[in-house]
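With CSV, C-alpha atoms and all ligand atoms inside, this is input06.csv:
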chain,number,residue,atom,x,y,z
A,1,MET,CA,73.6,116.7,73.3
A,2,ALA,CA,73.9,113.4,71.4
A,3,LEU,CA,75.5,110.5,73.1
A,4,SER,CA,75.6,108.3,70.0
A,5,ASN,CA,79.3,108.5,69.4
A,6,GLU,CA,80.0,107.4,73.0
A,7,LEU,CA,77.5,104.6,73.2
A,8,VAL,CA,76.4,101.6,71.1
A,9,TYR,CA,72.9,100.2,71.1
A,10,ASN,CA,72.0,97.9,73.9
A,11,PRO,CA,68.6,97.4,75.5
A,12,LEU,CA,68.5,99.5,78.6
A,13,THR,CA,67.9,98.2,82.1
A,14,GLU,CA,66.5,100.0,85.1
A,15,ILE,CA,70.0,100.7,86.1
A,16,THR,CA,71.4,101.9,82.8
A,17,ALA,CA,68.3,104.0,82.1
A,18,ILE,CA,69.1,106.0,85.3
A,19,LYS,CA,72.8,106.3,84.2
A,20,LEU,CA,71.6,107.7,80.9
A,21,VAL,CA,69.4,110.4,82.3
A,22,LYS,CA,72.1,111.5,84.7
A,23,LYS,CA,74.7,111.6,82.0
A,24,LEU,CA,72.3,113.8,80.0
A,25,SER,CA,72.0,116.1,83.0
A,26,LEU,CA,68.3,115.6,83.0
A,27,PHE,CA,68.8,114.8,86.7
A,28,ASP,CA,71.7,115.7,89.0
A,29,GLU,CA,74.3,113.1,89.7
A,30,ASN,CA,73.5,113.0,93.4
A,31,GLU,CA,69.7,112.6,93.0
A,32,VAL,CA,68.2,109.4,94.3
A,33,LEU,CA,66.1,108.0,91.5
A,34,THR,CA,63.7,105.0,91.2
A,35,CYS,CA,63.2,103.4,87.8
A,36,ARG,CA,60.5,100.9,86.7
A,37,GLU,CA,60.0,99.3,83.3
A,38,ILE,CA,56.3,100.0,82.8
A,39,GLY,CA,55.9,99.1,79.0
A,40,ASP,CA,52.7,97.2,78.4
A,41,GLY,CA,52.6,97.8,74.7
A,42,ASN,CA,53.6,95.3,72.0
A,43,LEU,CA,56.9,96.7,70.9
A,44,ASN,CA,59.1,98.8,73.2
A,45,LEU,CA,60.7,99.2,76.6
A,46,VAL,CA,59.3,102.1,78.6
A,47,PHE,CA,61.1,103.2,81.8
A,48,GLN,CA,59.6,105.6,84.3
A,49,ILE,CA,62.3,107.4,86.3
A,50,VAL,CA,61.2,109.3,89.4
A,51,ASN,CA,62.9,111.4,92.1
A,52,ASP,CA,60.5,110.5,95.0
A,53,GLN,CA,61.6,113.6,97.0
A,54,THR,CA,60.9,116.2,94.3
A,55,ASN,CA,58.3,114.2,92.4
A,56,LYS,CA,60.2,115.1,89.2
A,57,SER,CA,59.8,112.3,86.7
A,58,LEU,CA,60.3,111.4,83.1
A,59,ILE,CA,59.9,108.6,80.6
A,60,VAL,CA,62.7,106.9,78.7
A,61,LYS,CA,61.3,104.9,75.8
A,62,GLN,CA,63.5,102.6,73.8
A,63,ALA,CA,62.7,100.6,70.7
A,64,LEU,CA,63.8,96.9,70.8
A,65,PRO,CA,65.2,95.4,67.5
A,66,TYR,CA,62.2,93.0,67.4
A,67,ALA,CA,58.5,93.1,68.3
A,68,LYS,CA,58.3,92.4,72.0
A,69,VAL,CA,54.8,90.9,71.6
A,70,VAL,CA,56.2,88.1,69.4
A,71,GLY,CA,59.9,87.9,70.3
A,72,GLU,CA,63.2,88.0,68.4
A,73,SER,CA,61.8,86.0,65.5
A,74,TRP,CA,60.0,89.2,64.4
A,75,PRO,CA,62.9,91.7,63.8
A,76,LEU,CA,62.0,95.3,63.5
A,77,SER,CA,64.0,98.4,62.5
A,78,LEU,CA,65.2,100.6,65.4
A,79,ASN,CA,64.5,103.6,63.1
A,80,ARG,CA,60.9,103.7,64.5
A,81,ALA,CA,62.3,105.5,67.5
A,82,LYS,CA,63.5,108.4,65.3
A,83,ILE,CA,60.2,108.3,63.4
A,84,GLU,CA,58.3,108.6,66.8
A,85,SER,CA,60.4,111.4,68.1
A,86,ASP,CA,60.4,113.3,64.8
A,87,ALA,CA,56.6,112.9,64.5
A,88,LEU,CA,56.1,114.1,68.1
A,89,GLN,CA,58.2,117.2,67.4
A,90,ILE,CA,56.3,118.0,64.2
A,91,PHE,CA,52.9,117.5,65.9
A,92,ALA,CA,54.1,119.8,68.7
A,93,LYS,CA,54.6,122.6,66.1
A,94,TYR,CA,50.9,122.6,65.5
A,95,VAL,CA,49.2,121.2,68.6
A,96,PRO,CA,51.7,121.2,71.5
A,97,GLN,CA,48.8,120.8,73.9
A,98,TYR,CA,48.0,117.3,72.6
A,99,VAL,CA,51.4,115.6,72.7
A,100,PRO,CA,54.1,114.9,75.3
A,101,LYS,CA,57.1,117.1,75.4
A,102,VAL,CA,60.3,115.5,74.0
A,103,PHE,CA,63.4,116.3,76.1
A,104,TYR,CA,65.9,114.2,74.2
A,105,SER,CA,66.2,111.7,71.4
A,106,ASP,CA,69.1,109.5,70.2
A,107,ASP,CA,68.8,107.6,66.9
A,108,THR,CA,71.6,105.1,67.8
A,109,LEU,CA,70.2,104.2,71.2
A,110,ALA,CA,66.7,104.3,69.7
A,111,VAL,CA,65.7,106.3,72.7
A,112,THR,CA,63.2,109.1,73.2
A,113,ILE,CA,63.1,110.8,76.6
A,114,MET,CA,59.8,112.6,77.2
A,115,GLU,CA,57.3,114.0,79.6
A,116,ASP,CA,55.8,111.6,82.1
A,117,LEU,CA,52.1,111.6,81.6
A,118,SER,CA,51.3,109.0,84.3
A,119,HIS,CA,49.0,111.6,86.1
A,120,LEU,CA,46.7,110.8,83.2
A,121,GLN,CA,45.2,107.4,82.2
A,122,ILE,CA,45.4,105.4,79.0
A,123,SER,CA,42.0,106.2,77.6
A,124,ARG,CA,41.2,102.5,76.7
A,125,ALA,CA,41.7,101.6,80.3
A,126,GLY,CA,39.6,104.6,81.4
A,127,LEU,CA,36.8,103.8,79.0
A,128,ILE,CA,36.7,100.2,80.2
A,129,SER,CA,36.5,101.4,83.8
A,130,GLY,CA,33.5,103.7,83.0
A,131,LYS,CA,35.2,107.0,82.4
A,132,GLN,CA,33.7,109.2,79.6
A,133,TYR,CA,36.3,111.9,79.0
A,134,PRO,CA,34.0,114.8,78.0
A,135,LEU,CA,36.7,116.6,76.0
A,136,LEU,CA,38.2,113.6,74.2
A,137,SER,CA,36.5,114.1,70.9
A,138,GLN,CA,37.0,117.8,70.8
A,139,HIS,CA,40.7,117.3,71.4
A,140,VAL,CA,41.2,114.4,69.0
A,141,GLY,CA,39.2,116.3,66.3
A,142,GLU,CA,41.4,119.4,66.7
A,143,PHE,CA,44.6,117.3,66.9
A,144,LEU,CA,43.8,115.4,63.6
A,145,ALA,CA,42.6,118.5,61.7
A,146,HIS,CA,45.9,120.4,62.5
A,147,ILE,CA,48.4,117.6,61.9
A,148,LEU,CA,46.7,116.4,58.7
A,149,PHE,CA,46.1,119.8,57.2
A,150,TYR,CA,49.5,121.3,58.1
A,151,THR,CA,51.6,118.3,56.9
A,152,SER,CA,49.6,118.0,53.6
A,153,ASP,CA,50.1,119.5,50.1
A,154,PHE,CA,47.3,121.9,51.1
A,155,ALA,CA,49.7,123.7,53.4
A,156,ILE,CA,53.3,122.7,52.4
A,157,GLU,CA,55.2,123.4,49.2
A,158,PRO,CA,55.5,120.3,47.1
A,159,GLU,CA,59.3,120.0,47.4
A,160,LYS,CA,59.3,120.3,51.2
A,161,LYS,CA,56.4,117.8,51.4
A,162,LYS,CA,58.3,115.3,49.4
A,163,GLN,CA,61.3,115.6,51.7
A,164,LEU,CA,58.9,114.8,54.6
A,165,VAL,CA,57.5,111.9,52.8
A,166,LYS,CA,61.0,110.5,52.5
A,167,GLN,CA,61.9,111.3,56.1
A,168,PHE,CA,58.9,109.3,57.3
A,169,VAL,CA,59.3,106.2,55.1
A,170,ASN,CA,58.6,103.6,57.7
A,171,PRO,CA,58.5,100.2,55.9
A,172,ASP,CA,58.7,97.8,58.9
A,173,LEU,CA,55.8,99.4,60.8
A,174,CYS,CA,53.7,100.0,57.7
A,175,ASN,CA,54.2,96.3,56.9
A,176,ILE,CA,52.8,95.4,60.3
A,177,THR,CA,49.6,97.4,59.5
A,178,GLU,CA,49.5,96.1,55.9
A,179,ASP,CA,49.6,92.5,57.2
A,180,LEU,CA,47.7,92.7,60.6
A,181,VAL,CA,45.0,95.2,59.7
A,182,PHE,CA,44.5,94.8,55.9
A,183,THR,CA,45.5,91.3,55.0
A,184,ASP,CA,45.8,88.5,57.5
A,185,PRO,CA,42.3,88.8,59.1
A,186,PHE,CA,40.7,88.3,55.7
A,187,PHE,CA,42.6,85.0,55.1
A,188,ASP,CA,43.3,81.8,57.0
A,189,HIS,CA,46.6,83.1,58.2
A,190,ASP,CA,48.6,81.9,61.1
A,191,THR,CA,48.9,85.3,62.8
A,192,ASN,CA,45.1,85.2,63.4
A,193,ASP,CA,43.9,84.5,66.9
A,194,PHE,CA,40.2,83.8,67.7
A,195,GLU,CA,38.1,81.5,69.8
A,196,GLU,CA,36.8,78.3,68.2
A,197,GLY,CA,33.3,79.5,68.9
A,198,LEU,CA,33.8,82.2,66.2
A,199,ARG,CA,35.1,79.8,63.5
A,200,LYS,CA,31.8,79.8,61.5
A,201,GLU,CA,31.7,83.6,61.3
A,202,VAL,CA,35.4,83.9,60.6
A,203,GLU,CA,35.2,81.3,57.8
A,204,ALA,CA,32.2,83.2,56.3
A,205,LEU,CA,34.4,86.4,56.4
A,206,TRP,CA,37.2,84.6,54.6
A,207,ASN,CA,34.7,83.6,51.9
A,208,ASP,CA,33.0,87.0,51.6
A,209,GLN,CA,34.3,88.3,48.3
A,210,ALA,CA,32.5,91.7,48.5
A,211,VAL,CA,34.1,92.4,51.9
A,212,LYS,CA,37.5,91.2,50.7
A,213,LEU,CA,37.3,93.5,47.7
A,214,GLU,CA,36.7,96.5,50.0
A,215,ALA,CA,39.6,95.5,52.2
A,216,ALA,CA,41.8,95.2,49.2
A,217,LYS,CA,40.8,98.7,48.0
A,218,LEU,CA,41.5,100.2,51.4
A,219,LYS,CA,44.8,98.4,51.6
A,220,LYS,CA,45.8,100.0,48.3
A,221,LYS,CA,44.9,103.4,49.7
A,222,PHE,CA,47.1,102.7,52.7
A,223,LEU,CA,49.9,101.6,50.5
A,224,THR,CA,49.8,104.5,48.0
A,225,ASN,CA,48.0,107.6,49.3
A,226,SER,CA,50.7,109.9,50.7
A,227,ASP,CA,48.3,112.6,51.8
A,228,ALA,CA,49.7,113.8,55.2
A,229,LEU,CA,51.8,112.7,58.1
A,230,ILE,CA,49.5,110.4,60.0
A,231,HIS,CA,49.9,109.0,63.5
A,232,GLY,CA,49.4,105.5,62.1
A,233,ASP,CA,48.2,103.7,65.3
A,234,LEU,CA,45.6,106.0,66.8
A,235,HIS,CA,43.7,103.5,68.9
A,236,THR,CA,42.5,104.4,72.4
A,237,GLY,CA,45.6,102.8,73.9
A,238,SER,CA,47.7,105.5,72.2
A,239,ILE,CA,45.8,108.3,74.0
A,240,PHE,CA,46.4,109.5,77.6
A,241,ALA,CA,43.5,111.5,79.0
A,242,ASP,CA,41.6,112.9,82.0
A,243,ASP,CA,38.5,115.0,82.1
A,244,ALA,CA,40.4,118.1,81.0
A,245,THR,CA,43.5,116.9,79.1
A,246,THR,CA,44.2,114.7,76.1
A,247,LYS,CA,47.7,113.6,75.0
A,248,VAL,CA,48.4,111.5,71.9
A,249,ILE,CA,51.4,109.2,72.3
A,250,ASP,CA,53.3,106.5,70.4
A,251,PRO,CA,53.5,107.7,66.8
A,252,GLU,CA,56.1,105.1,65.9
A,253,PHE,CA,53.8,104.0,63.0
A,254,ALA,CA,53.8,107.5,61.6
A,255,PHE,CA,54.3,107.9,57.9
A,256,TYR,CA,52.7,109.8,54.9
A,257,GLY,CA,49.4,108.0,54.6
A,258,PRO,CA,45.7,108.5,53.8
A,259,LEU,CA,43.8,111.4,55.5
A,260,GLY,CA,41.1,109.1,56.9
A,261,PHE,CA,43.2,106.4,58.5
A,262,ASP,CA,43.7,107.8,62.0
A,263,LEU,CA,40.1,108.9,62.2
A,264,GLY,CA,39.0,105.4,61.2
A,265,GLN,CA,41.1,103.7,63.9
A,266,PHE,CA,39.9,106.1,66.6
A,267,VAL,CA,36.3,105.6,65.6
A,268,ALA,CA,36.7,101.8,65.4
A,269,ASN,CA,38.1,101.7,68.9
A,270,LEU,CA,35.2,103.7,70.3
A,271,LEU,CA,32.9,101.3,68.6
A,272,LEU,CA,34.7,98.3,70.1
A,273,ASN,CA,34.2,99.9,73.5
A,274,ALA,CA,30.5,100.4,72.7
A,275,LEU,CA,30.2,96.7,71.9
A,276,SER,CA,31.4,95.9,75.4
A,277,LEU,CA,28.7,98.0,77.1
A,278,SER,CA,24.9,97.6,77.4
A,279,GLU,CA,22.9,99.7,75.0
A,280,GLU,CA,21.9,102.3,77.6
A,281,LYS,CA,25.5,103.0,78.5
A,282,GLN,CA,26.8,103.5,74.9
A,283,GLY,CA,25.3,106.9,74.1
A,284,PHE,CA,28.4,109.0,75.0
A,285,LEU,CA,30.5,107.0,72.6
A,286,TYR,CA,28.3,107.8,69.6
A,287,ASP,CA,28.4,111.5,70.8
A,288,HIS,CA,32.2,111.3,70.8
A,289,ILE,CA,32.2,109.9,67.3
A,290,GLU,CA,29.8,112.6,65.9
A,291,LYS,CA,31.8,115.3,67.7
A,292,THR,CA,35.2,114.1,66.6
A,293,TRP,CA,34.0,114.3,63.0
A,294,HIS,CA,32.2,117.7,63.5
A,295,VAL,CA,35.3,119.2,65.2
A,296,PHE,CA,37.6,117.7,62.5
A,297,GLU,CA,35.4,119.0,59.7
A,298,THR,CA,35.0,122.5,61.0
A,299,THR,CA,38.6,122.9,62.1
A,300,PHE,CA,40.0,121.5,58.8
A,301,THR,CA,37.7,123.9,56.9
A,302,LYS,CA,38.9,126.9,59.0
A,303,LEU,CA,42.5,126.0,58.4
A,304,TRP,CA,41.9,125.5,54.7
A,305,LYS,CA,40.3,128.9,54.4
A,306,LYS,CA,43.0,130.6,56.3
A,307,ASP,CA,46.2,128.8,55.2
A,308,SER,CA,45.7,126.7,52.1
A,309,ILE,CA,48.4,127.2,49.4
A,310,GLU,CA,46.5,124.9,46.9
A,311,ALA,CA,45.6,126.7,43.7
A,312,PHE,CA,42.2,124.9,43.6
A,313,SER,CA,41.4,125.6,47.2
A,314,LYS,CA,38.6,128.0,46.3
A,315,THR,CA,37.2,125.9,43.5
A,316,GLU,CA,33.6,125.1,44.3
A,317,GLY,CA,33.2,121.6,45.7
A,318,TYR,CA,36.9,120.7,46.2
A,319,LEU,CA,37.1,121.0,50.0
A,320,GLN,CA,33.8,119.2,50.3
A,321,HIS,CA,35.2,116.4,48.1
A,322,VAL,CA,38.3,116.1,50.3
A,323,LEU,CA,36.2,116.0,53.5
A,324,THR,CA,33.7,113.5,52.1
A,325,GLN,CA,36.4,111.2,50.9
A,326,THR,CA,38.2,111.4,54.2
A,327,TRP,CA,35.0,110.4,56.1
A,328,GLN,CA,34.2,107.5,53.7
A,329,ASP,CA,37.7,106.2,53.9
A,330,ALA,CA,37.6,106.5,57.7
A,331,ILE,CA,34.5,104.3,57.8
A,332,GLY,CA,36.3,101.7,55.7
A,333,PHE,CA,39.5,101.8,57.8
A,334,ALA,CA,37.3,101.5,60.9
A,335,GLY,CA,35.8,98.3,59.4
A,336,CYS,CA,39.2,96.8,59.0
A,337,GLU,CA,40.3,97.8,62.5
A,338,VAL,CA,37.1,96.4,64.2
A,339,ILE,CA,37.6,93.1,62.4
A,340,ARG,CA,41.4,92.8,63.1
A,341,ARG,CA,41.0,93.7,66.8
A,342,THR,CA,38.5,90.8,67.0
A,343,ILE,CA,40.2,88.0,65.2
A,344,GLY,CA,43.7,89.2,64.3
A,345,LEU,CA,47.0,89.1,66.2
A,346,ALA,CA,46.5,92.2,68.4
A,347,HIS,CA,43.2,92.2,70.3
A,348,VAL,CA,41.7,94.8,72.6
A,349,ALA,CA,40.9,94.5,76.3
A,350,ASP,CA,37.4,96.0,75.6
A,351,LEU,CA,36.3,92.7,74.1
A,352,ASP,CA,38.8,90.2,75.5
A,353,GLY,CA,38.1,91.5,79.0
A,354,ILE,CA,34.5,90.4,78.9
A,355,SER,CA,34.7,87.6,81.4
A,356,ASN,CA,31.5,85.7,80.6
A,357,GLU,CA,32.4,83.5,77.6
A,358,GLN,CA,28.9,83.7,75.9
A,359,ALA,CA,28.8,87.4,76.3
A,360,ARG,CA,32.3,87.8,74.9
A,361,LEU,CA,31.5,85.6,71.9
A,362,THR,CA,28.3,87.5,71.3
A,363,ALA,CA,30.2,90.9,71.4
A,364,LYS,CA,32.8,89.5,69.0
A,365,ARG,CA,30.2,88.2,66.6
A,366,ARG,CA,28.6,91.6,66.6
A,367,ALA,CA,32.0,93.2,66.0
A,368,LEU,CA,32.5,91.0,62.9
A,369,LEU,CA,29.0,92.0,61.6
A,370,LEU,CA,29.7,95.6,62.3
A,371,GLY,CA,33.1,95.5,60.6
A,372,ARG,CA,31.5,94.0,57.6
A,373,GLN,CA,28.7,96.6,57.5
A,374,LEU,CA,31.3,99.4,57.7
A,375,LEU,CA,33.3,98.0,54.8
A,376,LEU,CA,30.2,97.5,52.6
A,377,HIS,CA,28.6,100.9,53.3
A,378,GLN,CA,31.4,103.4,53.3
A,379,GLU,CA,29.7,105.6,50.9
A,380,THR,CA,26.4,106.0,52.7
A,381,LEU,CA,27.1,105.9,56.4
A,382,SER,CA,27.1,109.3,58.1
A,383,PRO,CA,28.4,109.8,61.7
A,384,LYS,CA,24.9,109.8,63.0
A,385,ASP,CA,24.2,106.3,61.5
A,386,LEU,CA,26.7,104.5,63.5
A,387,LYS,CA,24.6,104.1,66.6
A,388,GLU,CA,21.8,102.4,64.7
A,389,LEU,CA,24.3,100.3,62.8
A,390,VAL,CA,25.8,98.9,66.1
A,391,GLN,CA,22.4,98.4,67.6
A,392,LYS,CA,21.2,96.5,64.5
A,393,THR,CA,24.0,93.9,65.0
A,394,VAL,CA,22.2,92.5,68.1
B,401,LIG,C1,53.1,93.4,66.4
B,401,LIG,S1,52.4,94.9,66.8
B,401,LIG,C2,50.7,94.7,67.0
B,401,LIG,C3,49.9,95.9,67.1
B,401,LIG,O1,50.4,96.7,68.1
B,401,LIG,C4,50.5,98.1,67.7
B,401,LIG,O2,50.0,99.0,68.7
B,401,LIG,C5,49.8,98.2,66.4
B,401,LIG,O3,48.4,98.4,66.6
B,401,LIG,C6,50.0,96.8,65.9
B,401,LIG,O4,49.1,96.5,64.8
B,402,MG,MG,51.8,101.7,70.5
Any chance you could put this one into structure tokens?
Amino acid sequence: MALSNELVYNPLTEITAIKLVKKLSLFDENEVLTCREIGDGNLNLVFQIVNDQTNKSLIVKQALPYAKVVGESWPLSLNRAKIESDALQIFAKYVPQYVPKVFYSDDTLAVTIMEDLSHLQISRAGLISGKQYPLLSQHVGEFLAHILFYTSDFAIEPEKKKQLVKQFVNPDLCNITEDLVFTDPFFDHDTNDFEEGLRKEVEALWNDQAVKLEAAKLKKKFLTNSDALIHGDLHTGSIFADDATTKVIDPEFAFYGPLGFDLGQFVANLLLNALSLSEEKQGFLYDHIEKTWHVFETTFTKLWKKDSIEAFSKTEGYLQHVLTQTWQDAIGFAGCEVIRRTIGLAHVADLDGISNEQARLTAKRRALLLGRQLLLHQETLSPKDLKELVQKTV
């Protein structure tokens, strides 16, 4: 049931969010509900609505017409709510076990109502508190292999794929990534945010023509490679998890982009977590990176052999070319992500949460070195090399 013709867009409050779910019969009129706005992200309102007697709960997520993290001076299209709910529903066709269930969406209200996953934890917070999530890499590898393969030209007829490319044109959110991930951190731009103690390293980065050239080439791939429907913001804050379950949330940045982008962001955020830990505690993170790639590669290969519609799919070397390019791009995208999370507008708690100033600056200097190495050595770094690479930044 769509309510759009009855309602106009207004930011919801804890009271109107309850009215909405009752109107939609997601709860009965006489149920006593509590509602809390729990959004801690950069862009949206997120309401958790609970019947404390039955424990039934759900999430109402609403896009605001601007970026919450900056304010009304940064307008953003409400269409991202539709992008997010459409992407969740496409992902659910292939890997329903790895995304929240969507119960309702309304494009005018910019609202998606979905499963409450608060019995799980945001994996960034869990990793920071010492959790290891033994199945995280298995699940993320499977998630990525399925969504990337089944939304690509390898599995979808060209006409249908082009309709999907059009459906997922997402200029405002892509522009955020183009600026905040690929451009601003490499220049003296006013969106950047870093401690004065890093100025020497940051200015060296701004003057590093070899690194900037790699960032420029990766930005071009992000702007032009419409390979598959990607999540577009797959950092560890976009993943709920516990020891047995993984759920990918928040695909409002989804669009048709390069195969390696999500993988690169995920790997980068594991590396950022590694930089916050002492060497002897980092091992499981490198295992996660190797396993994510291994699972991705084997699952993608299996799906390719089973379901590829591409005429060249059996041509010797073609699958290997696609996989190699995906990994190399992922390494480059990871380099940009590590750098921007250190000195750009949107930081990560893994590094900012290091309370000792000297330790924090050291971790951030290492992040800048690591990002640089990832950008300069995309073609030679294997998943196994990342441990040594991080440890060499000491
Ligand atoms: C203004 S938005 C800043 C960042 O938050 C999102 O989660 C994306 O990572 C974006 O780059
Ligand atoms: Mg998000």
Item to check | Close residues to ligand LIG 401 (chain B) using all atoms listed in the file, limit 7 Å, as number ranges by chain | outcome: A: 41-43, 67, 69-70, 176-177, 180-181, 233, 345-346
Next on the checklist: Using Å and a single decimal, report how far atom CA of Gln378 of chain A sits from atom CA of Leu351 of chain A.
Outcome noted: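 Pair atom CA of Leu351 of chain A / atom CA of Gln378 of chain A returns 23.9 Å.
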Residues near Ala81 of chain A, anyone? I mean within 7 Å using all atoms listed in the file, not counting same-chain ones fewer than 2 positions away, as a compact mmCIF listing (two decimals) with C-alpha atoms, keeping the file's coordinate frame.
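Ended up saving to out28.txt:
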# COMPACT_ATOMS: atom_id res chain seq x y z
CA ALA A 63 62.70 100.60 70.70
CA LEU A 78 65.20 100.60 65.40
CA ASN A 79 64.50 103.60 63.10
CA ILE A 83 60.20 108.30 63.40
CA GLU A 84 58.30 108.60 66.80
CA SER A 85 60.40 111.40 68.10
CA ASP A 107 68.80 107.60 66.90
CA ALA A 110 66.70 104.30 69.70
CA VAL A 111 65.70 106.30 72.70
CA THR A 112 63.20 109.10 73.20
CA GLU A 252 56.10 105.10 65.90
Checklist entry - Smallest atom-to-atom distance to His377 of chain A: which of A:Pro251, A:Gly344, A:Gly237, A:Gly332, using all atoms listed in the file? => result A:Gly332
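Using all atoms listed in the file, the shortest contact distance between ligand MG 402 (chain B) and any of A:Glu37, A:Glu29, A:Asp190, A:Asp250 is found at A:Asp250.
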Next on the checklist: Between A:Leu369, A:Val202, A:Ala254, A:Ala244, which residue has the minimum interatomic distance to ligand MG 402 (chain B), considering only C-alpha atoms and all ligand atoms?
Outcome noted: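 Closest to ligand MG 402 (chain B) of all the choices is A:Ala254.
The set of protein, DNA and RNA residues with any counted atom at most 9 Å from (40.0, 109.0, 53.6) (all atoms listed in the file) reads A:Lys221, A:Pro258, A:Leu259, A:Gly260, A:Phe261, A:Leu263, A:Gly264, A:Val322, A:Leu323, A:Thr324, A:Gln325, A:Thr326, A:Trp327, A:Gln328, A:Asp329, A:Ala330, A:Ile331, A:Gly332, A:Phe333.
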Residues within 12 Å of (41.4, 107.7, 75.9), counting all atoms listed in the file, listed as a short mmCIF file (atom, residue, chain, number, x, y, z; two decimals) with C-alpha atoms, in the coordinates of the input:
data_model
loop_
_atom_site.label_atom_id
_atom_site.label_comp_id
_atom_site.auth_asym_id
_atom_site.auth_seq_id
_atom_site.Cartn_x
_atom_site.Cartn_y
_atom_site.Cartn_z
CA LEU A 120 46.70 110.80 83.20
CA GLN A 121 45.20 107.40 82.20
CA ILE A 122 45.40 105.40 79.00
CA SER A 123 42.00 106.20 77.60
CA ARG A 124 41.20 102.50 76.70
CA ALA A 125 41.70 101.60 80.30
CA GLY A 126 39.60 104.60 81.40
CA LEU A 127 36.80 103.80 79.00
CA ILE A 128 36.70 100.20 80.20
CA SER A 129 36.50 101.40 83.80
CA GLY A 130 33.50 103.70 83.00
CA LYS A 131 35.20 107.00 82.40
CA GLN A 132 33.70 109.20 79.60
CA TYR A 133 36.30 111.90 79.00
CA PRO A 134 34.00 114.80 78.00
CA LEU A 135 36.70 116.60 76.00
CA LEU A 136 38.20 113.60 74.20
CA SER A 137 36.50 114.10 70.90
CA HIS A 139 40.70 117.30 71.40
CA VAL A 140 41.20 114.40 69.00
CA LEU A 234 45.60 106.00 66.80
CA HIS A 235 43.70 103.50 68.90
CA THR A 236 42.50 104.40 72.40
CA GLY A 237 45.60 102.80 73.90
CA SER A 238 47.70 105.50 72.20
CA ILE A 239 45.80 108.30 74.00
CA PHE A 240 46.40 109.50 77.60
CA ALA A 241 43.50 111.50 79.00
CA ASP A 242 41.60 112.90 82.00
CA ASP A 243 38.50 115.00 82.10
CA ALA A 244 40.40 118.10 81.00
CA THR A 245 43.50 116.90 79.10
CA THR A 246 44.20 114.70 76.10
CA LYS A 247 47.70 113.60 75.00
CA VAL A 248 48.40 111.50 71.90
CA ILE A 249 51.40 109.20 72.30
CA PHE A 266 39.90 106.10 66.60
CA VAL A 267 36.30 105.60 65.60
CA ASN A 269 38.10 101.70 68.90
CA LEU A 270 35.20 103.70 70.30
CA ASN A 273 34.20 99.90 73.50
CA LEU A 285 30.50 107.00 72.60
CA HIS A 288 32.20 111.30 70.80
#
Item to check | Best match for closeness to ligand MG 402 (chain B) among A:Phe194, A:Phe27, A:Phe300, A:Phe253, counting only C-alpha atoms and all ligand atoms | outcome: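 The closest residue to ligand MG 402 (chain B) is A:Phe253.
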Checklist entry - How far is it from atom CA of Leu277 of chain A to atom CA of Lys387 of chain A, in Å with one decimal? => result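 Rounded to one decimal, the two atoms are 12.8 Å apart.
Among the candidate residues A:Lys162, A:His231, A:Lys217, A:Lys82, the one lying nearest to ligand MG 402 (chain B) is A:His231, with distances computed using all atoms listed in the file.
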Checklist entry - In Å, how far is it from atom CA of Thr342 of chain A to atom CA of Asp40 of chain A? => result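 Spanning atom CA of Thr342 of chain A to atom CA of Asp40 of chain A is a straight-line distance of 19.3 Å.
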Item to check | Nearby residues (all atoms listed in the file) at most 9 Å from Thr393 of chain A, same-chain spacing under 4 positions excluded, as a VMD selection string | outcome: chain A and resid 365 to 367 369 to 370 388 to 389
Checklist entry - Closest to ligand MG 402 (chain B) among A:Arg36, A:Gly232, A:Phe91, A:His321, using all atoms listed in the file? => result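 Smallest distance to ligand MG 402 (chain B) is found for A:Gly232.
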Item to check | Who sits within 10 Å of segment 5-22 of chain A, only C-alpha atoms, same chain under 4 positions skipped, as a PyMOL selection string | outcome: chain A and resi 26-37+44-50+58-65+78+104+107-111+113
For the selection just defined, write its residues with C-alpha atoms to a file, as a tab-separated table (two decimals), in the coordinates of the input.
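Saved file again_39.tsv follows:
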chain	number	residue	atom	x	y	z
A	26	LEU	CA	68.30	115.60	83.00
A	27	PHE	CA	68.80	114.80	86.70
A	28	ASP	CA	71.70	115.70	89.00
A	29	GLU	CA	74.30	113.10	89.70
A	30	ASN	CA	73.50	113.00	93.40
A	31	GLU	CA	69.70	112.60	93.00
A	32	VAL	CA	68.20	109.40	94.30
A	33	LEU	CA	66.10	108.00	91.50
A	34	THR	CA	63.70	105.00	91.20
A	35	CYS	CA	63.20	103.40	87.80
A	36	ARG	CA	60.50	100.90	86.70
A	37	GLU	CA	60.00	99.30	83.30
A	44	ASN	CA	59.10	98.80	73.20
A	45	LEU	CA	60.70	99.20	76.60
A	46	VAL	CA	59.30	102.10	78.60
A	47	PHE	CA	61.10	103.20	81.80
A	48	GLN	CA	59.60	105.60	84.30
A	49	ILE	CA	62.30	107.40	86.30
A	50	VAL	CA	61.20	109.30	89.40
A	58	LEU	CA	60.30	111.40	83.10
A	59	ILE	CA	59.90	108.60	80.60
A	60	VAL	CA	62.70	106.90	78.70
A	61	LYS	CA	61.30	104.90	75.80
A	62	GLN	CA	63.50	102.60	73.80
A	63	ALA	CA	62.70	100.60	70.70
A	64	LEU	CA	63.80	96.90	70.80
A	65	PRO	CA	65.20	95.40	67.50
A	78	LEU	CA	65.20	100.60	65.40
A	104	TYR	CA	65.90	114.20	74.20
A	107	ASP	CA	68.80	107.60	66.90
A	108	THR	CA	71.60	105.10	67.80
A	109	LEU	CA	70.20	104.20	71.20
A	110	ALA	CA	66.70	104.30	69.70
A	111	VAL	CA	65.70	106.30	72.70
A	113	ILE	CA	63.10	110.80	76.60
